[in-house]
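Worksheet for the structure shown next.
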Amino acid sequence: MARLIGEVILDLQNVSLSFGGVNALVDISFDVREHEVRAIIGPNGAGKSSMLNVINGVYRPQAGEIILRGEHFRQMNPYKAACAGIARTFQNIALFKGMSVLDNIMTGRNLKMKANIFQQAFWMGAAQREELEHRAKVEEIIDFLEIQHIRKTPVGRLPYGLQKRVDLARALAMEPQILLLDEPMAGMNIEEKQDMSRFILDVNDQMGTTIVLIEHDMGVVMDVSDRVVVLDYGKKIGDGSPDEVRGNPEVISAYLGASH
Amino acid sequence: MGFFLEVLIGGLMTGMLYSLVALGFVLIFKASGVFNFAQGAMVLFAALAMARFSEWIPGWLGVDNLMVANILAFIIAAFLMFVVAWLIERLVLRHLVNQEGATLLMATLGIAYFIDGLGQTVFGSDIYKIDVGMPKEPVMVLQGVFEGGLLINKEDFIAALVAAMLVAALALFFQKTATGRALRAVADDHQAAQSIGIPLNRIWVIVWCVAGVVALVAGIIWGSKMGVQFSLVTVALRALPVVILGGLTSVPGAIIGGLIIGVGEKVSEVYLGPLVGGGIEIWFAYMLALVFLLFRPQGLFGEKIIDRV
Amino acid sequence: MIYRENGQFKTSYAADQQIFPILQDRWAILGILVFAFVAVPLLADEYMFRAILIPFLILSLAALGVNLLVGYCGQITLGAGAFMAVGAYAAYNFFIRVDGMPLIGALLLGGFTSAAVGVVFGVPSLRVRGLYLAVATLAAQFFWDWAFLRIKWFTNYSSSGSVSVSNLSLFGFPVESPTEKYLFCLAVLVVFALLAKNMTRGAIGRQWMAIRDMDVAAEVIGIRPMYAKLSAFAVSSFFLGVAGGLWGFVHLGAWEPAAFSLDRSFQLLFMVIIGGLGSIMGSFFGAAFIVILPIFLNQMLPWLGDLVGVSISTAGVSHAEIMIFGALIVFFLIVEPHGIARLWSTAKEKLRLWPFPH
Ligand SMILES: Nc1ncnc2c1ncn2[C@@H]1O[C@H](COP(=O)(O)OP(=O)(O)O)[C@@H](O)[C@H]1O
Ligand SMILES: [Mg+2]
């Protein structure tokens, strides 16, 4: 890998999160370096999705700190996170069902569009110009992910695999610095998984995007990730390179033992 | 102090009636996810049926006993409400399963229009009276405790008592009987309930029947107070703030919410009304519920839910 | 001419993003506009204008407003009538209290007032959703019903509680005869429909729809729910306010708060649901349906009664009317819950393939 892995860009310290009586995350600390692919693995219910939700402010942890490029946050909120260049995809596809593929991806440009509501209502000046500019950018992403043929289709009508791809496209439209992917390959067949892995690596490679990836398929994780965090019942039980993690007995018993 | 207590008690008594109507909303919403805007129309329809049958029956049967006529009228009206409930399930709900909340809401508005029109076509559209022998004269109580005692309206008191009994009966029915348990299972999870063999359609008919009876009782109480007329449909609108306050799915919420709204409405009307020109009770209840929602969006008894993603 | 987009290649994104990308649609719209502006004034009689066309135009505008909020932004409202009332009464007060206030100025100011009020009553939407919100919006309805009835300042201390305006004109041209009123309403509607279309196809429209479809995901890509929802409330209330002003000033001339009662709010909601949520076109369909249906029933029922030999009283007709109206609503929701607009687009899709379905 030719990529240059940089400094720590995102650092989580002693994060704890609970819902009522359920401890979803217990005192978790780990960091993410610039340009790397960081995987989070663990059995179902381990708290992986909750971890991503804490990072981009959908959930508010009760304790701990999030340090993003040296700036300390007690909690994030989704808007701040988006402004700071964090994008994500969802485990259960969270596309805008009533909109076309193109419009879904265009929403990803939302933060970059500045025209006010009057300009938009009259379709004048900045509004019209922006609409065209961003359309061009969105078309690049559409080409990159090879979804030209479904551009105008309402996303509700697409098969699952393509919906996942549109979800990724929408996140990429934000031109994020950090991309959080929640099980991007769940429920896909081998071929679709290969496509998706390729896209993820290309994003990381060509755009230099830092990626935090949750994935169940160990083969994929070993292939694409630089470092891996292992969660189990809300606790961190392993952290290191894929090989280290694979060799960690606690991980083997907790994670592999649980799913096999 | 005595006056304030009078207002308070008056509010609680009205509140009990709101609780009853609100319970009608809650039952249907829990069991079928339908926000039943036709509740008001059902109240009017039931009251019309009751009023007209008790008027017609003496002529038909030649009995001259008010009591007998009323009982027969009640039975017929209740039966009619069952038929209405069954028809609604058969002709409407069954065909709208899995539609969105807004669509279902619209459907019940359509039903409301239909029932309004039907009731007035069949039973007429004048003002009718229901006389179930409710005592009209007020009584003084607690003369020893307060100077001048407390003036309590007997009619309101009996109405509140009846409403309280019905509310208690429904709560028990919901908690203790097999049907009630099935109902709760449906409320928790439609699919799961269906998969263990609970017939959804039958449950729906049952809750709509119950809502029909609730409407009938509310219609009789209000009808005997203010006459059976079109404005009875607003009774349900007045009970709506109760369900946003108490939560659409909470039985205790409906009961407590009803009392709060009843009291709030009376107190505001008596103390605030004169300052701003009166007639504020209808929107005041809504504002009360709204302000409450701003601070506690999950309602009185609801649990705070964090969306999963 | 066969309805087809094949062969109409787009060479730029601008061409692809026009309001009517298909050539035939552009011609059709042009035809409709010419018909509405030129042919209708020549053909329609006074009754047509007063009873059907003017109400249709104004209610279409109101339905557009409701559709922006309910259909595009997903926030159910049962208080639309209240915002029409706010617009009408605000316009009235600007009109009579400010010397030399032109008609169009009063109407727009009415719209802006309504927008501001809409934002205030939209605040609960930041905390509650769906049916709870629907009930919460009733607060607006009942509050304003009460305010315009009880607070005499709003009605300029008129003793009957009813207010009226006269001598309407636009840039020196009178807006008095039915034809003039019709043309005025039509022009307003066309402009507003264009604004609505522009907003819904642009960034703000996407924000609204994103909030409607999946609010958490919308937040995650940086859409602020507060801005999106309150702007939808503002724009929707603006449309409703202007429609309310037109209804009072142009259609009724003299009115009471009852003109904007809860029934009006329900009626508007019916329009967008029957017409089609989230469709500009649907707003027109819905308004047409709701305006024409009662008139149709009103004519039909006595005639049907005569046919079978019973004479139906006026009261009987009006009861039967609401009954049938209710039944039709339910029937419609069951048969096509997505509204007339969906039927329309299905038909268009079929037409696109005709005469060679695969
Ligand atoms: N919004 C929520 N409300 C209540 N409990 C939640 C919520 N989100 C997650 N949890 C709980 O937190 C735990 C971790 O869930 P999650 O992060 O989704 O796990 P994973 O993604 O690893 O499968 C689970 O027990 C889950 O039930
Ligand atoms: Mg998960």
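Here, A, B, ... name the chains of the structure tokens in the order displayed, residue numbers run from 1 inside each chain, and ligands are numbered from 1 in the same displayed order.
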
Practice task
For chain C, report every residue with an atom at most 7 Å from chain B (counting only C-alpha atoms), formatted as a PyMOL selection string.
Solution key: chain C and resi 124+127-128+132+136+139+142-143+150+316+319-320+322-324+326-327+329-330+333-334+337

For the residues in the current selection, export C-alpha atoms as an mmCIF file, in the first residue's frame.
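New file part-v3.cif:
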data_model
loop_
_atom_site.group_PDB
_atom_site.id
_atom_site.type_symbol
_atom_site.label_atom_id
_atom_site.label_comp_id
_atom_site.auth_asym_id
_atom_site.auth_seq_id
_atom_site.Cartn_x
_atom_site.Cartn_y
_atom_site.Cartn_z
ATOM 1 C CA PRO C 124 -43.710 21.918 18.130
ATOM 2 C CA ARG C 127 -40.155 18.112 19.264
ATOM 3 C CA VAL C 128 -42.978 15.865 18.131
ATOM 4 C CA TYR C 132 -48.974 14.234 17.724
ATOM 5 C CA ALA C 136 -50.747 20.092 18.000
ATOM 6 C CA ALA C 139 -53.956 24.598 18.553
ATOM 7 C CA PHE C 142 -58.662 27.005 17.633
ATOM 8 C CA PHE C 143 -56.532 29.864 18.814
ATOM 9 C CA ARG C 150 -63.045 37.872 20.238
ATOM 10 C CA GLY C 316 -81.714 16.050 2.992
ATOM 11 C CA HIS C 319 -76.814 15.470 4.571
ATOM 12 C CA ALA C 320 -76.645 13.048 1.711
ATOM 13 C CA ILE C 322 -71.609 14.929 3.241
ATOM 14 C CA MET C 323 -72.376 11.228 3.473
ATOM 15 C CA ILE C 324 -71.410 10.584 -0.115
ATOM 16 C CA GLY C 326 -67.196 10.918 3.214
ATOM 17 C CA ALA C 327 -67.771 7.609 1.484
ATOM 18 C CA ILE C 329 -62.990 9.922 0.379
ATOM 19 C CA VAL C 330 -62.712 6.523 1.990
ATOM 20 C CA LEU C 333 -58.080 6.210 -0.166
ATOM 21 C CA ILE C 334 -58.651 2.495 -0.492
ATOM 22 C CA PRO C 337 -53.908 5.950 -1.514
#

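The residue set within 9 Å of Glu130 of chain A, counting only C-alpha atoms and dropping same-chain residues fewer than 3 places from it, reads A:Lys112, A:Met113, A:Lys114, A:Ala115, A:Gly125, A:Ala126, A:Ala127, A:Glu133, A:His134, A:Arg135.
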
Print the selection's residues with all heavy atoms to a file, as a compact mmCIF listing (two decimals), in the first residue's frame.
# COMPACT_ATOMS: atom_id res chain seq x y z
N LYS A 112 -22.78 22.38 0.92
CA LYS A 112 -21.96 23.21 0.05
C LYS A 112 -22.79 24.17 -0.78
O LYS A 112 -22.26 24.98 -1.53
CB LYS A 112 -21.13 22.33 -0.88
CG LYS A 112 -20.18 21.41 -0.12
CD LYS A 112 -19.25 20.70 -1.04
CE LYS A 112 -17.99 20.21 -0.33
NZ LYS A 112 -18.26 19.32 0.82
N MET A 113 -24.12 24.06 -0.67
CA MET A 113 -24.98 24.93 -1.47
C MET A 113 -25.43 26.11 -0.62
O MET A 113 -26.00 25.95 0.44
CB MET A 113 -26.17 24.14 -2.01
CG MET A 113 -25.71 22.99 -2.89
SD MET A 113 -27.02 22.01 -3.61
CE MET A 113 -27.47 22.99 -5.01
N LYS A 114 -25.14 27.30 -1.12
CA LYS A 114 -25.33 28.48 -0.27
C LYS A 114 -26.47 29.39 -0.68
O LYS A 114 -26.78 30.35 0.02
CB LYS A 114 -24.03 29.32 -0.27
CG LYS A 114 -22.79 28.54 0.16
CD LYS A 114 -22.75 28.41 1.69
CE LYS A 114 -21.45 27.75 2.14
NZ LYS A 114 -21.68 26.51 2.86
N ALA A 115 -27.08 29.13 -1.83
CA ALA A 115 -28.11 30.06 -2.32
C ALA A 115 -29.25 30.15 -1.30
O ALA A 115 -29.63 29.15 -0.70
CB ALA A 115 -28.66 29.57 -3.65
N GLY A 125 -29.65 33.38 -10.30
CA GLY A 125 -28.30 33.61 -9.81
C GLY A 125 -27.67 32.37 -9.22
O GLY A 125 -27.56 31.33 -9.87
N ALA A 126 -27.25 32.53 -7.96
CA ALA A 126 -26.51 31.48 -7.30
C ALA A 126 -27.24 30.14 -7.33
O ALA A 126 -26.63 29.09 -7.51
CB ALA A 126 -26.23 31.88 -5.85
N ALA A 127 -28.55 30.18 -7.18
CA ALA A 127 -29.32 28.94 -7.09
C ALA A 127 -29.11 28.10 -8.35
O ALA A 127 -28.75 26.92 -8.30
CB ALA A 127 -30.79 29.24 -6.89
N GLU A 133 -23.43 23.27 -11.09
CA GLU A 133 -22.10 22.90 -10.60
C GLU A 133 -22.12 21.58 -9.83
O GLU A 133 -21.33 20.68 -10.06
CB GLU A 133 -21.62 23.95 -9.60
CG GLU A 133 -20.71 25.02 -10.13
CD GLU A 133 -20.59 26.13 -9.09
OE1 GLU A 133 -20.48 25.81 -7.87
OE2 GLU A 133 -20.64 27.28 -9.49
N HIS A 134 -23.05 21.51 -8.90
CA HIS A 134 -23.08 20.34 -8.04
C HIS A 134 -23.59 19.12 -8.77
O HIS A 134 -23.20 18.00 -8.48
CB HIS A 134 -23.91 20.64 -6.79
CG HIS A 134 -23.23 21.63 -5.89
ND1 HIS A 134 -22.16 21.27 -5.10
CD2 HIS A 134 -23.42 22.95 -5.69
CE1 HIS A 134 -21.74 22.35 -4.44
NE2 HIS A 134 -22.49 23.38 -4.79
N ARG A 135 -24.43 19.37 -9.75
CA ARG A 135 -24.86 18.25 -10.57
C ARG A 135 -23.65 17.63 -11.26
O ARG A 135 -23.51 16.40 -11.33
CB ARG A 135 -25.87 18.74 -11.62
CG ARG A 135 -26.23 17.74 -12.69
CD ARG A 135 -27.19 16.68 -12.16
NE ARG A 135 -27.40 15.63 -13.13
CZ ARG A 135 -28.38 15.64 -14.02
NH1 ARG A 135 -29.26 16.62 -14.04
NH2 ARG A 135 -28.49 14.66 -14.89

Handout entry: Contacts with ligand 1 at most 7 Å, only C-alpha atoms and all ligand atoms counted, listed as a ChimeraX atom specification
Key = /A:19,22-24,42-51,234 /B:305-308

Dump as a PDB file, in the first residue's frame, selection limited to N, CA, C and O atoms:
ATOM      1  N   PHE A  19     -28.325   2.858  27.295  1.00  0.00           N
ATOM      2  CA  PHE A  19     -29.745   3.132  27.054  1.00  0.00           C
ATOM      3  C   PHE A  19     -30.520   2.481  28.178  1.00  0.00           C
ATOM      4  O   PHE A  19     -30.562   1.258  28.258  1.00  0.00           O
ATOM      5  N   VAL A  22     -29.247  -0.811  29.449  1.00  0.00           N
ATOM      6  CA  VAL A  22     -28.313  -1.481  28.537  1.00  0.00           C
ATOM      7  C   VAL A  22     -27.033  -0.667  28.375  1.00  0.00           C
ATOM      8  O   VAL A  22     -27.092   0.492  27.972  1.00  0.00           O
ATOM      9  N   ASN A  23     -25.895  -1.282  28.681  1.00  0.00           N
ATOM     10  CA  ASN A  23     -24.633  -0.596  28.450  1.00  0.00           C
ATOM     11  C   ASN A  23     -24.134  -0.920  27.056  1.00  0.00           C
ATOM     12  O   ASN A  23     -23.584  -1.985  26.817  1.00  0.00           O
ATOM     13  N   ALA A  24     -24.350   0.022  26.157  1.00  0.00           N
ATOM     14  CA  ALA A  24     -23.979  -0.240  24.769  1.00  0.00           C
ATOM     15  C   ALA A  24     -22.473  -0.088  24.570  1.00  0.00           C
ATOM     16  O   ALA A  24     -21.869  -0.822  23.793  1.00  0.00           O
ATOM     17  N   GLY A  42     -16.975  -7.244  15.743  1.00  0.00           N
ATOM     18  CA  GLY A  42     -17.553  -7.755  16.982  1.00  0.00           C
ATOM     19  C   GLY A  42     -18.901  -8.388  16.679  1.00  0.00           C
ATOM     20  O   GLY A  42     -19.504  -8.119  15.646  1.00  0.00           O
ATOM     21  N   PRO A  43     -19.362  -9.265  17.583  1.00  0.00           N
ATOM     22  CA  PRO A  43     -20.639  -9.937  17.353  1.00  0.00           C
ATOM     23  C   PRO A  43     -21.809  -8.943  17.341  1.00  0.00           C
ATOM     24  O   PRO A  43     -21.652  -7.784  17.721  1.00  0.00           O
ATOM     25  N   ASN A  44     -22.979  -9.435  16.934  1.00  0.00           N
ATOM     26  CA  ASN A  44     -24.165  -8.579  16.940  1.00  0.00           C
ATOM     27  C   ASN A  44     -24.448  -8.030  18.323  1.00  0.00           C
ATOM     28  O   ASN A  44     -24.344  -8.737  19.314  1.00  0.00           O
ATOM     29  N   GLY A  45     -24.800  -6.765  18.380  1.00  0.00           N
ATOM     30  CA  GLY A  45     -25.137  -6.158  19.661  1.00  0.00           C
ATOM     31  C   GLY A  45     -23.915  -5.742  20.454  1.00  0.00           C
ATOM     32  O   GLY A  45     -24.030  -5.336  21.609  1.00  0.00           O
ATOM     33  N   ALA A  46     -22.724  -5.838  19.846  1.00  0.00           N
ATOM     34  CA  ALA A  46     -21.501  -5.509  20.568  1.00  0.00           C
ATOM     35  C   ALA A  46     -21.367  -4.011  20.807  1.00  0.00           C
ATOM     36  O   ALA A  46     -20.611  -3.584  21.670  1.00  0.00           O
ATOM     37  N   GLY A  47     -22.075  -3.214  20.004  1.00  0.00           N
ATOM     38  CA  GLY A  47     -21.995  -1.769  20.180  1.00  0.00           C
ATOM     39  C   GLY A  47     -21.280  -1.076  19.035  1.00  0.00           C
ATOM     40  O   GLY A  47     -20.920   0.099  19.151  1.00  0.00           O
ATOM     41  N   LYS A  48     -21.097  -1.786  17.922  1.00  0.00           N
ATOM     42  CA  LYS A  48     -20.360  -1.203  16.799  1.00  0.00           C
ATOM     43  C   LYS A  48     -21.103  -0.008  16.197  1.00  0.00           C
ATOM     44  O   LYS A  48     -20.534   1.070  16.041  1.00  0.00           O
ATOM     45  N   SER A  49     -22.385  -0.234  15.892  1.00  0.00           N
ATOM     46  CA  SER A  49     -23.149   0.867  15.295  1.00  0.00           C
ATOM     47  C   SER A  49     -23.245   2.030  16.266  1.00  0.00           C
ATOM     48  O   SER A  49     -23.157   3.205  15.871  1.00  0.00           O
ATOM     49  N   SER A  50     -23.411   1.707  17.538  1.00  0.00           N
ATOM     50  CA  SER A  50     -23.489   2.775  18.538  1.00  0.00           C
ATOM     51  C   SER A  50     -22.215   3.605  18.514  1.00  0.00           C
ATOM     52  O   SER A  50     -22.250   4.827  18.676  1.00  0.00           O
ATOM     53  N   MET A  51     -21.074   2.926  18.295  1.00  0.00           N
ATOM     54  CA  MET A  51     -19.793   3.625  18.245  1.00  0.00           C
ATOM     55  C   MET A  51     -19.810   4.680  17.133  1.00  0.00           C
ATOM     56  O   MET A  51     -19.465   5.839  17.352  1.00  0.00           O
ATOM     57  N   GLY A 234     -20.059  -4.297  24.361  1.00  0.00           N
ATOM     58  CA  GLY A 234     -19.779  -2.908  24.702  1.00  0.00           C
ATOM     59  C   GLY A 234     -18.372  -2.649  25.195  1.00  0.00           C
ATOM     60  O   GLY A 234     -18.008  -1.516  25.479  1.00  0.00           O
TER      61      GLY A 234
ATOM     62  N   ILE B 305     -37.681   7.754  23.607  1.00  0.00           N
ATOM     63  CA  ILE B 305     -37.165   6.788  22.638  1.00  0.00           C
ATOM     64  C   ILE B 305     -36.088   7.446  21.795  1.00  0.00           C
ATOM     65  O   ILE B 305     -36.277   8.538  21.278  1.00  0.00           O
ATOM     66  N   ILE B 306     -34.950   6.792  21.705  1.00  0.00           N
ATOM     67  CA  ILE B 306     -33.896   7.288  20.822  1.00  0.00           C
ATOM     68  C   ILE B 306     -33.940   6.436  19.563  1.00  0.00           C
ATOM     69  O   ILE B 306     -33.855   5.217  19.624  1.00  0.00           O
ATOM     70  N   ASP B 307     -34.096   7.097  18.427  1.00  0.00           N
ATOM     71  CA  ASP B 307     -34.195   6.337  17.180  1.00  0.00           C
ATOM     72  C   ASP B 307     -32.958   5.496  16.958  1.00  0.00           C
ATOM     73  O   ASP B 307     -31.843   5.948  17.153  1.00  0.00           O
ATOM     74  N   ARG B 308     -33.196   4.283  16.513  1.00  0.00           N
ATOM     75  CA  ARG B 308     -32.059   3.430  16.172  1.00  0.00           C
ATOM     76  C   ARG B 308     -31.652   3.674  14.743  1.00  0.00           C
ATOM     77  O   ARG B 308     -32.505   3.791  13.871  1.00  0.00           O
TER      78      ARG B 308
END

Find the residues of chain A that sit at most 9 Å from chain C; for each, write down the nearest two atoms and how far apart they are in Å, to one decimal. Count only C-alpha atoms. Sort by chain, then by number going up, and give it as a tab-separated table.
residue	atom	partner	partner_atom	distance
A:Asn56	CA	C:Val220	CA	7.3
A:Gly57	CA	C:Val220	CA	8.3
A:Val58	CA	C:Val220	CA	7.6
A:Asn77	CA	C:Val220	CA	8.7
A:Pro78	CA	C:Val220	CA	5.0
A:Tyr79	CA	C:Gly222	CA	4.7
A:Lys80	CA	C:Gly222	CA	7.8
A:Ala81	CA	C:Val220	CA	7.7
A:Ala82	CA	C:Gly222	CA	5.1
A:Cys83	CA	C:Gly222	CA	6.8
A:Ile86	CA	C:Ile221	CA	8.6
A:Ala87	CA	C:Ile221	CA	6.7
A:Arg88	CA	C:Val220	CA	7.5
A:Thr89	CA	C:Ala217	CA	8.7
A:Phe90	CA	C:Ala217	CA	8.3
A:Ala94	CA	C:Ala217	CA	6.1
A:Leu95	CA	C:Met214	CA	7.0
A:Phe96	CA	C:Asp213	CA	4.9
A:Lys97	CA	C:Asp213	CA	6.0
A:Gly98	CA	C:Asp213	CA	6.6
A:Met99	CA	C:Met209	CA	7.5
A:Asp103	CA	C:Arg206	CA	6.9
A:Asn104	CA	C:Arg206	CA	8.0
A:Met106	CA	C:Arg206	CA	8.0
A:Thr107	CA	C:Arg206	CA	6.2
A:Gly108	CA	C:Ile221	CA	5.9
A:Arg109	CA	C:Ile221	CA	8.4
A:Asn110	CA	C:Ala203	CA	6.7
A:Leu111	CA	C:Gly222	CA	6.1
A:Met113	CA	C:Ala203	CA	7.4
A:Ala115	CA	C:Ala203	CA	8.6
A:Asn116	CA	C:Ile204	CA	8.8
A:Ile117	CA	C:Ile204	CA	7.0
A:Phe118	CA	C:Met199	CA	8.9
A:Gln120	CA	C:Met199	CA	5.8
A:Ala121	CA	C:Leu195	CA	4.8
A:Phe122	CA	C:Leu195	CA	6.1
A:Trp123	CA	C:Asn198	CA	6.1
A:Ala127	CA	C:Gly202	CA	7.9
A:Gln128	CA	C:Gly202	CA	8.7
A:Glu131	CA	C:Gly202	CA	7.2
A:Leu132	CA	C:Tyr13	CA	6.4
A:Arg135	CA	C:Tyr13	CA	7.3
A:Ala136	CA	C:Tyr13	CA	7.8
A:Arg170	CA	C:Ile221	CA	8.5
A:Ala171	CA	C:Ile221	CA	7.4
A:Met174	CA	C:Ile221	CA	7.4

Output file for the selection above: C-alpha atoms, as a PDB file, in the first residue's frame:
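Written output follows (again.pdb):
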ATOM      1  CA  ASN A  56     -21.097  11.604  14.318  1.00  0.00           C
ATOM      2  CA  GLY A  57     -23.333  12.761  17.102  1.00  0.00           C
ATOM      3  CA  VAL A  58     -26.477  10.738  16.548  1.00  0.00           C
ATOM      4  CA  ASN A  77     -24.003  16.621  17.074  1.00  0.00           C
ATOM      5  CA  PRO A  78     -24.774  15.517  13.543  1.00  0.00           C
ATOM      6  CA  TYR A  79     -24.555  18.970  12.060  1.00  0.00           C
ATOM      7  CA  LYS A  80     -21.173  19.730  13.599  1.00  0.00           C
ATOM      8  CA  ALA A  81     -19.917  16.346  12.517  1.00  0.00           C
ATOM      9  CA  ALA A  82     -21.087  16.885   8.961  1.00  0.00           C
ATOM     10  CA  CYS A  83     -19.431  20.311   8.854  1.00  0.00           C
ATOM     11  CA  ILE A  86     -17.596  13.216   8.669  1.00  0.00           C
ATOM     12  CA  ALA A  87     -19.953  11.241   6.453  1.00  0.00           C
ATOM     13  CA  ARG A  88     -21.500   7.850   6.949  1.00  0.00           C
ATOM     14  CA  THR A  89     -23.615   5.076   5.567  1.00  0.00           C
ATOM     15  CA  PHE A  90     -26.147   3.067   7.495  1.00  0.00           C
ATOM     16  CA  ALA A  94     -31.487   5.012   5.339  1.00  0.00           C
ATOM     17  CA  LEU A  95     -32.049   6.463   1.909  1.00  0.00           C
ATOM     18  CA  PHE A  96     -34.720   9.013   1.111  1.00  0.00           C
ATOM     19  CA  LYS A  97     -37.245   6.625  -0.332  1.00  0.00           C
ATOM     20  CA  GLY A  98     -39.442   9.107  -2.099  1.00  0.00           C
ATOM     21  CA  MET A  99     -36.597  10.647  -4.065  1.00  0.00           C
ATOM     22  CA  ASP A 103     -31.753  13.678  -5.755  1.00  0.00           C
ATOM     23  CA  ASN A 104     -30.548  11.430  -2.964  1.00  0.00           C
ATOM     24  CA  MET A 106     -27.602  15.742  -4.501  1.00  0.00           C
ATOM     25  CA  THR A 107     -28.727  16.055  -0.866  1.00  0.00           C
ATOM     26  CA  GLY A 108     -25.180  15.099   0.025  1.00  0.00           C
ATOM     27  CA  ARG A 109     -24.084  18.430  -1.473  1.00  0.00           C
ATOM     28  CA  ASN A 110     -26.446  20.310   0.779  1.00  0.00           C
ATOM     29  CA  LEU A 111     -23.797  21.808   3.024  1.00  0.00           C
ATOM     30  CA  MET A 113     -24.975  24.931  -1.473  1.00  0.00           C
ATOM     31  CA  ALA A 115     -28.114  30.058  -2.321  1.00  0.00           C
ATOM     32  CA  ASN A 116     -30.881  31.464  -0.145  1.00  0.00           C
ATOM     33  CA  ILE A 117     -34.494  30.469  -0.354  1.00  0.00           C
ATOM     34  CA  PHE A 118     -35.523  33.472  -2.465  1.00  0.00           C
ATOM     35  CA  GLN A 120     -34.058  29.218  -5.137  1.00  0.00           C
ATOM     36  CA  ALA A 121     -37.710  30.140  -5.439  1.00  0.00           C
ATOM     37  CA  PHE A 122     -36.950  32.342  -8.433  1.00  0.00           C
ATOM     38  CA  TRP A 123     -34.302  29.927  -9.740  1.00  0.00           C
ATOM     39  CA  ALA A 127     -29.315  28.939  -7.093  1.00  0.00           C
ATOM     40  CA  GLN A 128     -29.230  28.000 -10.747  1.00  0.00           C
ATOM     41  CA  GLU A 131     -27.548  23.423  -9.121  1.00  0.00           C
ATOM     42  CA  LEU A 132     -25.495  22.881 -12.282  1.00  0.00           C
ATOM     43  CA  ARG A 135     -24.856  18.249 -10.572  1.00  0.00           C
ATOM     44  CA  ALA A 136     -21.560  17.935 -12.388  1.00  0.00           C
ATOM     45  CA  ARG A 170     -24.674  10.080  -1.003  1.00  0.00           C
ATOM     46  CA  ALA A 171     -21.961   9.979   1.637  1.00  0.00           C
ATOM     47  CA  MET A 174     -20.159  15.252   0.914  1.00  0.00           C
TER      48      MET A 174
END

Exercise for the section: Please provide as a VMD selection string all residues within 9 Å of Thr249 of chain B, with the sequence filter that same-chain residues fewer than 2 positions apart are discarded (counting only C-alpha atoms). Expected result: chain B and resid 25 to 27 29 to 30 187 243 246 to 247 251 253 to 254 302

Hey, can you spit out that residue selection with C-alpha atoms as a compact mmCIF listing (two decimals), in the first residue's frame?
# COMPACT_ATOMS: atom_id res chain seq x y z
CA PHE B 25 -58.90 7.18 21.13
CA VAL B 26 -56.18 5.31 22.97
CA LEU B 27 -57.81 1.90 22.65
CA PHE B 29 -54.79 3.64 18.40
CA LYS B 30 -53.11 0.95 20.44
CA ALA B 187 -50.73 -3.21 20.47
CA VAL B 243 -54.20 12.28 24.19
CA GLY B 246 -51.08 11.56 28.03
CA GLY B 247 -49.68 9.82 24.99
CA VAL B 251 -54.20 4.19 29.36
CA GLY B 253 -51.95 8.81 30.45
CA ALA B 254 -55.47 9.21 29.11
CA GLY B 302 -44.17 7.75 27.52

Exercise for the section: Step one, run DSSP on the backbone; step two, keep only residues of segment 55-140 of chain C assigned to alpha helix (DSSP H); then write them as JSON, numbers by chain. Expected result: {"C": [55, 56, 57, 58, 59, 60, 61, 62, 63, 64, 65, 66, 80, 81, 82, 83, 84, 85, 86, 87, 88, 89, 90, 91, 92, 93, 94, 95, 96, 97, 103, 104, 105, 106, 107, 108, 109, 110, 111, 112, 113, 114, 115, 116, 117, 118, 119, 120, 121, 122, 130, 131, 132, 133, 134, 135, 136, 137, 138, 139, 140]}

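Pairwise distance (atom CA of Arg246 of chain A, atom CA of Met222 of chain A) equals 8.9 Å.
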
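The shortest atom-to-atom distance to chain B, with only C-alpha atoms taken into account, belongs to A:Leu52 out of A:Ile237, A:Ile9, A:Leu52, A:Met218.
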
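Rounded to one decimal, atom CA of Phe35 of chain C and atom CA of Ser283 of chain C lie 19.5 Å from each other.
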
Exercise for the section: Name all residues at most 9 Å from segment 130-143 of chain B (count only C-alpha atoms; drop same-chain ones fewer than 2 positions away) and give them as a PyMOL selection string. Expected result: chain B and resi 47-48+50-52+54-55+66-67+70+128+145-156+158-159+220-221+223-225+227-228

Find the spatial neighbours of Gly105 of chain C, counting only C-alpha atoms, within a cut-off of 9 Å - ignore same-chain residues fewer than 4 positions away - and output them as a CSV table (one decimal) with C-alpha atoms, in the first residue's frame.
chain,number,residue,atom,x,y,z
C,91,ALA,CA,-54.1,41.7,4.6
C,94,PHE,CA,-52.9,46.4,6.2
C,95,PHE,CA,-55.4,47.4,3.5
C,101,MET,CA,-51.9,50.3,0.4
C,109,LEU,CA,-48.0,41.4,3.6
C,110,GLY,CA,-50.8,39.1,4.7
